[in-house]
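K.L.:
Take a look at this one; I'll ask things after.
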Amino acid sequence: MDSFFKKLLKQLTTKYLPAMLVLLVLVLNFSPVVYATELDIELEDVVLNISSRAAIVMEYETGTVLYEHNADARRNPASMTKMMSAYLVYEAIERGDISFDTIVPVSSGAAQLSRNPNETNVPLSTSGTYTVSELLDAVIVVSAAGATRALAELLGGSRNGFVAIMNKKVEEWGIEAHFISDSGGPRGAYITPRAMAELTRITLQDFPEILEKTALPFMEVGGRKYETTNMLIDRYDGIDGFKTGTNSLAGANFAATAIRGDTRIITVTMGSSYNSRFPDSRILLDHGFAVMEQYHAEQRAEAERLAEEERLAEEERLAEEERLAEEALLNEAAEEEEPHEEIEPTPSPSPSPPAESANPVEHEQPPADEASESIDTRPLLIFLVFISICATAIGIAIIIRTGRRTK
């Protein structure tokens, strides 16, 4: 039996204990990801005066949708694609693969694309020296296709290699998008307004420093000044990004973000006209801020109502405590004013004469008090009887003995 227990203990310590310890460590180190819940906002069925074929308004902090119109329609992204490219550059910097100061080689293909008159561009030269930061400025501020291609080739080895990385990333996120190019949207590429809003939100969450570039009104390369394609910069209160995109397939697209106080709004308009995408974005942003302002006002009103109810309840509680305290003081004062009467001992009842009995045979019993005071003679009588019996026995014994002698 001892050997059995020793064998069992050995198996537990060598075979099962390590696995149990590993499992315990995993359980203790597990920390579930907490996602922000959506705001409890009841959307009104409003129709905004915009030309967008598809649009969405999103609150940044929780991702709550404040307005949508064909938000899940697949639309050509055009140059909004470049925001996906910019995200991957920031991710590579975060990993330490490159830095903002890394020198980016410019291939002949990238240099040629940078001089294409049909594309928004900053001219590049194969013999030029450009840093990652400078090319990122060109991508984000000017929407430069050649600069995007140079960065794509740096990270992916080729345009196709980089596009594969782009599509893998959106698949990981689970957003509805598919890219064919690193910088634009040829036929077959698509993204939905909802997915574009999510891409914007993810980028801001992961790399908020990108706002330092998206908020720039212009950039300079080689002594030449290039203005931003975002025509709301410095023209709309709180605007600090994000990305435009235009081509014949897409129409005019624009993902925008603005912040006022603690509220950041993200809007996406797709399929607008070139002249209406910025006015449409203004309307979308205004609507988002108005909804959130109303929501915060209702929250403040509800908080004030609850605070007032709590205050009234506290006042009622204090008033009740004060009333009870006053009542206790009054009772105490009343008790002190009442005269204290001396309590006299209750006299013991005097013995009453015995009632005459109708039966002459029965003897009268003395009163209880007299009986208690009289001497109990029963022990004396018993003693006397005992002495008498003893004396009698002695006398009989003497007589019998005397008679025997006379014989």
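Chain lettering (A, B, ...) mirrors the order of the structure tokens, residue numbering begins at 1 for each chain separately, and ligand numbering begins at 1 in order of display.
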Within range 60-293 of chain A, find each residue whose DSSP state, derived from the backbone, is strand (DSSP E), and express the selection as an NGL selection string.
P.N.:
:A and (65-69 or 103-104 or 130-131 or 177-178 or 190-191 or 218-221 or 224-227 or 239-247 or 251-260 or 263-272)
K.L.:
Go ahead and save the residues from that selection, with N, CA and C atoms, as a tab-separated table (two decimals), in the first residue's frame.
P.N.:
```tsv
chain	number	residue	atom	x	y	z
A	65	VAL	N	-22.25	54.62	-34.98
A	65	VAL	CA	-22.66	55.24	-36.24
A	65	VAL	C	-23.78	56.22	-35.96
A	66	LEU	N	-23.60	57.47	-36.37
A	66	LEU	CA	-24.57	58.53	-36.12
A	66	LEU	C	-25.42	58.83	-37.34
A	67	TYR	N	-24.97	58.38	-38.49
A	67	TYR	CA	-25.74	58.55	-39.73
A	67	TYR	C	-25.13	57.64	-40.78
A	68	GLU	N	-25.97	57.07	-41.62
A	68	GLU	CA	-25.45	56.26	-42.72
A	68	GLU	C	-26.39	56.31	-43.91
A	69	HIS	N	-25.77	56.26	-45.06
A	69	HIS	CA	-26.50	56.24	-46.33
A	69	HIS	C	-25.73	55.33	-47.29
A	103	ILE	N	16.53	56.39	-45.58
A	103	ILE	CA	16.58	56.88	-46.97
A	103	ILE	C	15.87	55.86	-47.87
A	104	VAL	N	14.96	56.37	-48.70
A	104	VAL	CA	14.14	55.52	-49.56
A	104	VAL	C	14.68	55.59	-51.00
A	130	TYR	N	15.62	60.94	-50.45
A	130	TYR	CA	14.34	61.22	-49.78
A	130	TYR	C	14.22	60.32	-48.55
A	131	THR	N	13.77	60.90	-47.46
A	131	THR	CA	13.55	60.12	-46.24
A	131	THR	C	12.10	59.60	-46.22
A	177	ALA	N	-12.98	45.37	-47.77
A	177	ALA	CA	-12.16	46.15	-48.69
A	177	ALA	C	-11.26	45.21	-49.47
A	178	HIS	N	-10.91	45.62	-50.67
A	178	HIS	CA	-9.96	44.85	-51.49
A	178	HIS	C	-9.18	45.85	-52.34
A	190	TYR	N	-12.18	47.92	-54.20
A	190	TYR	CA	-13.38	48.46	-53.56
A	190	TYR	C	-13.16	48.61	-52.06
A	191	ILE	N	-13.99	49.47	-51.48
A	191	ILE	CA	-14.09	49.63	-50.03
A	191	ILE	C	-15.46	50.24	-49.77
A	218	PHE	N	0.22	72.47	-46.01
A	218	PHE	CA	1.09	72.34	-47.18
A	218	PHE	C	2.38	71.62	-46.77
A	219	MET	N	3.19	71.25	-47.76
A	219	MET	CA	4.50	70.66	-47.53
A	219	MET	C	5.47	71.20	-48.58
A	220	GLU	N	6.75	71.02	-48.34
A	220	GLU	CA	7.76	71.50	-49.29
A	220	GLU	C	8.73	70.37	-49.63
A	221	VAL	N	9.04	70.25	-50.88
A	221	VAL	CA	10.04	69.30	-51.37
A	221	VAL	C	10.87	70.01	-52.43
A	224	ARG	N	10.03	73.55	-53.32
A	224	ARG	CA	8.73	73.84	-53.91
A	224	ARG	C	7.62	73.53	-52.90
A	225	LYS	N	6.62	74.39	-52.86
A	225	LYS	CA	5.53	74.26	-51.90
A	225	LYS	C	4.33	73.56	-52.55
A	226	TYR	N	3.79	72.56	-51.83
A	226	TYR	CA	2.63	71.83	-52.33
A	226	TYR	C	1.52	71.92	-51.27
A	227	GLU	N	0.33	72.35	-51.69
A	227	GLU	CA	-0.79	72.48	-50.76
A	227	GLU	C	-1.51	71.15	-50.57
A	239	ILE	N	-11.10	70.57	-37.81
A	239	ILE	CA	-10.64	69.59	-38.80
A	239	ILE	C	-9.14	69.38	-38.68
A	240	ASP	N	-8.72	68.11	-38.72
A	240	ASP	CA	-7.28	67.82	-38.69
A	240	ASP	C	-6.92	66.60	-39.54
A	241	GLY	N	-7.73	66.26	-40.49
A	241	GLY	CA	-7.45	65.17	-41.42
A	241	GLY	C	-8.75	64.80	-42.15
A	242	PHE	N	-8.78	63.93	-43.27
A	242	PHE	CA	-7.91	62.82	-43.31
A	242	PHE	C	-7.39	62.58	-44.74
A	243	LYS	N	-8.23	62.06	-45.70
A	243	LYS	CA	-7.72	61.71	-47.01
A	243	LYS	C	-8.77	61.83	-48.10
A	244	THR	N	-8.31	62.39	-49.23
A	244	THR	CA	-9.17	62.53	-50.40
A	244	THR	C	-8.93	61.38	-51.38
A	245	GLY	N	-9.79	61.28	-52.37
A	245	GLY	CA	-9.62	60.29	-53.43
A	245	GLY	C	-10.58	60.57	-54.57
A	246	THR	N	-10.03	60.68	-55.78
A	246	THR	CA	-10.87	61.02	-56.94
A	246	THR	C	-10.38	60.27	-58.17
A	247	ASN	N	-11.31	59.67	-58.89
A	247	ASN	CA	-11.05	59.17	-60.23
A	247	ASN	C	-12.39	58.98	-60.95
A	251	GLY	N	-15.70	58.78	-58.62
A	251	GLY	CA	-16.22	60.11	-58.37
A	251	GLY	C	-15.30	60.78	-57.37
A	252	ALA	N	-15.84	61.64	-56.55
A	252	ALA	CA	-15.04	62.35	-55.55
A	252	ALA	C	-15.31	61.76	-54.17
A	253	ASN	N	-14.26	61.25	-53.53
A	253	ASN	CA	-14.36	60.66	-52.19
A	253	ASN	C	-13.61	61.53	-51.19
A	254	PHE	N	-14.03	61.42	-49.93
A	254	PHE	CA	-13.30	62.14	-48.90
A	254	PHE	C	-13.62	61.54	-47.53
A	255	ALA	N	-12.57	61.09	-46.86
A	255	ALA	CA	-12.68	60.69	-45.45
A	255	ALA	C	-12.15	61.84	-44.62
A	256	ALA	N	-12.97	62.30	-43.67
A	256	ALA	CA	-12.61	63.47	-42.87
A	256	ALA	C	-12.72	63.15	-41.40
A	257	THR	N	-11.96	63.88	-40.60
A	257	THR	CA	-12.10	63.78	-39.14
A	257	THR	C	-11.87	65.15	-38.53
A	258	ALA	N	-12.64	65.44	-37.50
A	258	ALA	CA	-12.53	66.72	-36.79
A	258	ALA	C	-12.82	66.48	-35.32
A	259	ILE	N	-12.26	67.34	-34.48
A	259	ILE	CA	-12.45	67.20	-33.04
A	259	ILE	C	-12.87	68.53	-32.45
A	260	ARG	N	-13.84	68.46	-31.54
A	260	ARG	CA	-14.28	69.63	-30.78
A	260	ARG	C	-14.45	69.19	-29.34
A	263	THR	N	-14.99	65.42	-28.27
A	263	THR	CA	-15.73	64.67	-29.28
A	263	THR	C	-15.00	64.70	-30.61
A	264	ARG	N	-14.69	63.53	-31.14
A	264	ARG	CA	-14.10	63.43	-32.47
A	264	ARG	C	-15.09	62.71	-33.37
A	265	ILE	N	-15.27	63.27	-34.55
A	265	ILE	CA	-16.20	62.72	-35.54
A	265	ILE	C	-15.40	62.29	-36.77
A	266	ILE	N	-15.79	61.15	-37.32
A	266	ILE	CA	-15.23	60.66	-38.58
A	266	ILE	C	-16.36	60.60	-39.60
A	267	THR	N	-16.13	61.14	-40.78
A	267	THR	CA	-17.13	61.07	-41.84
A	267	THR	C	-16.48	60.54	-43.11
A	268	VAL	N	-17.27	59.87	-43.92
A	268	VAL	CA	-16.82	59.39	-45.22
A	268	VAL	C	-17.91	59.70	-46.23
A	269	THR	N	-17.53	60.36	-47.30
A	269	THR	CA	-18.44	60.57	-48.41
A	269	THR	C	-17.83	59.94	-49.65
A	270	MET	N	-18.62	59.18	-50.38
A	270	MET	CA	-18.14	58.49	-51.57
A	270	MET	C	-19.13	58.70	-52.71
A	271	GLY	N	-18.57	58.96	-53.89
A	271	GLY	CA	-19.42	59.18	-55.05
A	271	GLY	C	-20.03	60.56	-55.10
A	272	SER	N	-19.40	61.53	-54.45
A	272	SER	CA	-19.85	62.92	-54.57
A	272	SER	C	-19.28	63.51	-55.86
```
K.L.:
Choose the residue, out of A:Leu204, A:Ile50, A:Val163, A:Ile56, that has the smallest atom-to-atom separation from Tyr87 in chain A; count only C-alpha atoms.
P.N.:
A:Leu204
K.L.:
How far is it from CA of Gly161 in chain A to CA of Ser108 in chain A, in Å with one decimal?
P.N.:
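These two atoms are separated by 17.5 Å.
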K.L.:
So which one's closest to Ala144 in chain A, A:Gly395, A:Gly223, A:Pro117, A:Pro193? Using only C-alpha atoms, please.
P.N.:
A:Pro117
K.L.:
Out of A:Leu155, A:Leu330, A:Ala54, A:Val141, which residue has the shortest atom-to-atom distance to Arg75 in chain A when counting only C-alpha atoms?
P.N.:
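Looking at the shortest contact to Arg75 in chain A, the residue is A:Ala54.
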K.L.:
Would you list the contacts of Ile180 in chain A as a list in words, taking every protein, DNA or RNA residue within 9 Å and counting only C-alpha atoms, but skipping same-chain residues closer than 4 positions in sequence?
P.N.:
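Contacts, in chain order: Asn160, Val163, Ala164, Asn167, Gly184, Gly185, Pro186, Arg187, Gly188, Ala189 and Tyr190 of chain A.
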K.L.:
Write the residues you've just listed into a file as an mmCIF file, in the first residue's frame, and include N, CA and C atoms for each of them.
P.N.:
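Saved result, part.cif, follows:
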```
data_model
loop_
_atom_site.group_PDB
_atom_site.id
_atom_site.type_symbol
_atom_site.label_atom_id
_atom_site.label_comp_id
_atom_site.auth_asym_id
_atom_site.auth_seq_id
_atom_site.Cartn_x
_atom_site.Cartn_y
_atom_site.Cartn_z
ATOM 1 N N ASN A 160 3.126 44.644 -56.203
ATOM 2 C CA ASN A 160 2.250 43.506 -55.941
ATOM 3 C C ASN A 160 2.494 42.908 -54.550
ATOM 4 N N VAL A 163 0.780 45.210 -52.104
ATOM 5 C CA VAL A 163 -0.681 45.088 -52.173
ATOM 6 C C VAL A 163 -1.142 43.827 -51.436
ATOM 7 N N ALA A 164 -0.354 42.762 -51.540
ATOM 8 C CA ALA A 164 -0.695 41.534 -50.809
ATOM 9 C C ALA A 164 -0.704 41.786 -49.305
ATOM 10 N N ASN A 167 -3.970 43.727 -48.396
ATOM 11 C CA ASN A 167 -5.177 42.896 -48.357
ATOM 12 C C ASN A 167 -5.167 41.931 -47.169
ATOM 13 N N GLY A 184 -3.973 53.844 -55.783
ATOM 14 C CA GLY A 184 -5.220 54.271 -56.396
ATOM 15 C C GLY A 184 -6.230 53.154 -56.426
ATOM 16 N N GLY A 185 -7.218 53.332 -57.241
ATOM 17 C CA GLY A 185 -8.282 52.340 -57.296
ATOM 18 C C GLY A 185 -8.655 51.968 -58.708
ATOM 19 N N PRO A 186 -7.872 51.130 -59.360
ATOM 20 C CA PRO A 186 -8.301 50.649 -60.675
ATOM 21 C C PRO A 186 -9.538 49.770 -60.538
ATOM 22 N N ARG A 187 -10.133 49.435 -61.642
ATOM 23 C CA ARG A 187 -11.348 48.632 -61.621
ATOM 24 C C ARG A 187 -11.104 47.322 -60.865
ATOM 25 N N GLY A 188 -12.038 46.964 -60.014
ATOM 26 C CA GLY A 188 -11.911 45.763 -59.198
ATOM 27 C C GLY A 188 -11.571 46.060 -57.754
ATOM 28 N N ALA A 189 -10.974 47.196 -57.481
ATOM 29 C CA ALA A 189 -10.700 47.590 -56.098
ATOM 30 C C ALA A 189 -11.980 48.155 -55.480
ATOM 31 N N TYR A 190 -12.179 47.917 -54.198
ATOM 32 C CA TYR A 190 -13.381 48.462 -53.559
ATOM 33 C C TYR A 190 -13.156 48.613 -52.058
#
```
K.L.:
Neighbouring residues of Leu154 in chain A were defined as those with any atom within 9 Å, considering only C-alpha atoms; residues of the same chain fewer than 5 positions away were excluded. Please report them as a tab-separated table (two decimals) with C-alpha atoms, in the first residue's frame.
P.N.:
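This went into selection18.tsv:
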```
chain	number	residue	atom	x	y	z
A	104	VAL	CA	14.14	55.52	-49.56
A	105	PRO	CA	15.52	54.48	-52.95
A	106	VAL	CA	13.38	55.65	-55.89
A	149	ARG	CA	5.08	53.63	-54.96
A	162	PHE	CA	2.92	45.44	-50.96
```
K.L.:
Just to confirm, what's the straight-line distance from CA of Pro217 in chain A to CA of Ile233 in chain A in Å (one decimal)?
P.N.:
6.2 Å
K.L.:
Looking at A:Met196, A:Leu284, A:Ala303, A:Val385, which one is nearest to Ala78 in chain A, with distances taken over only C-alpha atoms?
P.N.:
A:Met196
K.L.:
Between A:Leu285, A:Ile210, A:Thr392, A:Ala397, which one has atoms that come closest to Gly238 in chain A, using only C-alpha atoms?
P.N.:
A:Leu285
K.L.:
Which one of A:Leu384, A:Ala55, A:Ala138, A:Leu48 sits closest to Arg194 in chain A if you count only C-alpha atoms?
P.N.:
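Comparing A:Leu384, A:Ala55, A:Ala138, A:Leu48 against Arg194 in chain A, the winner is A:Ala55.
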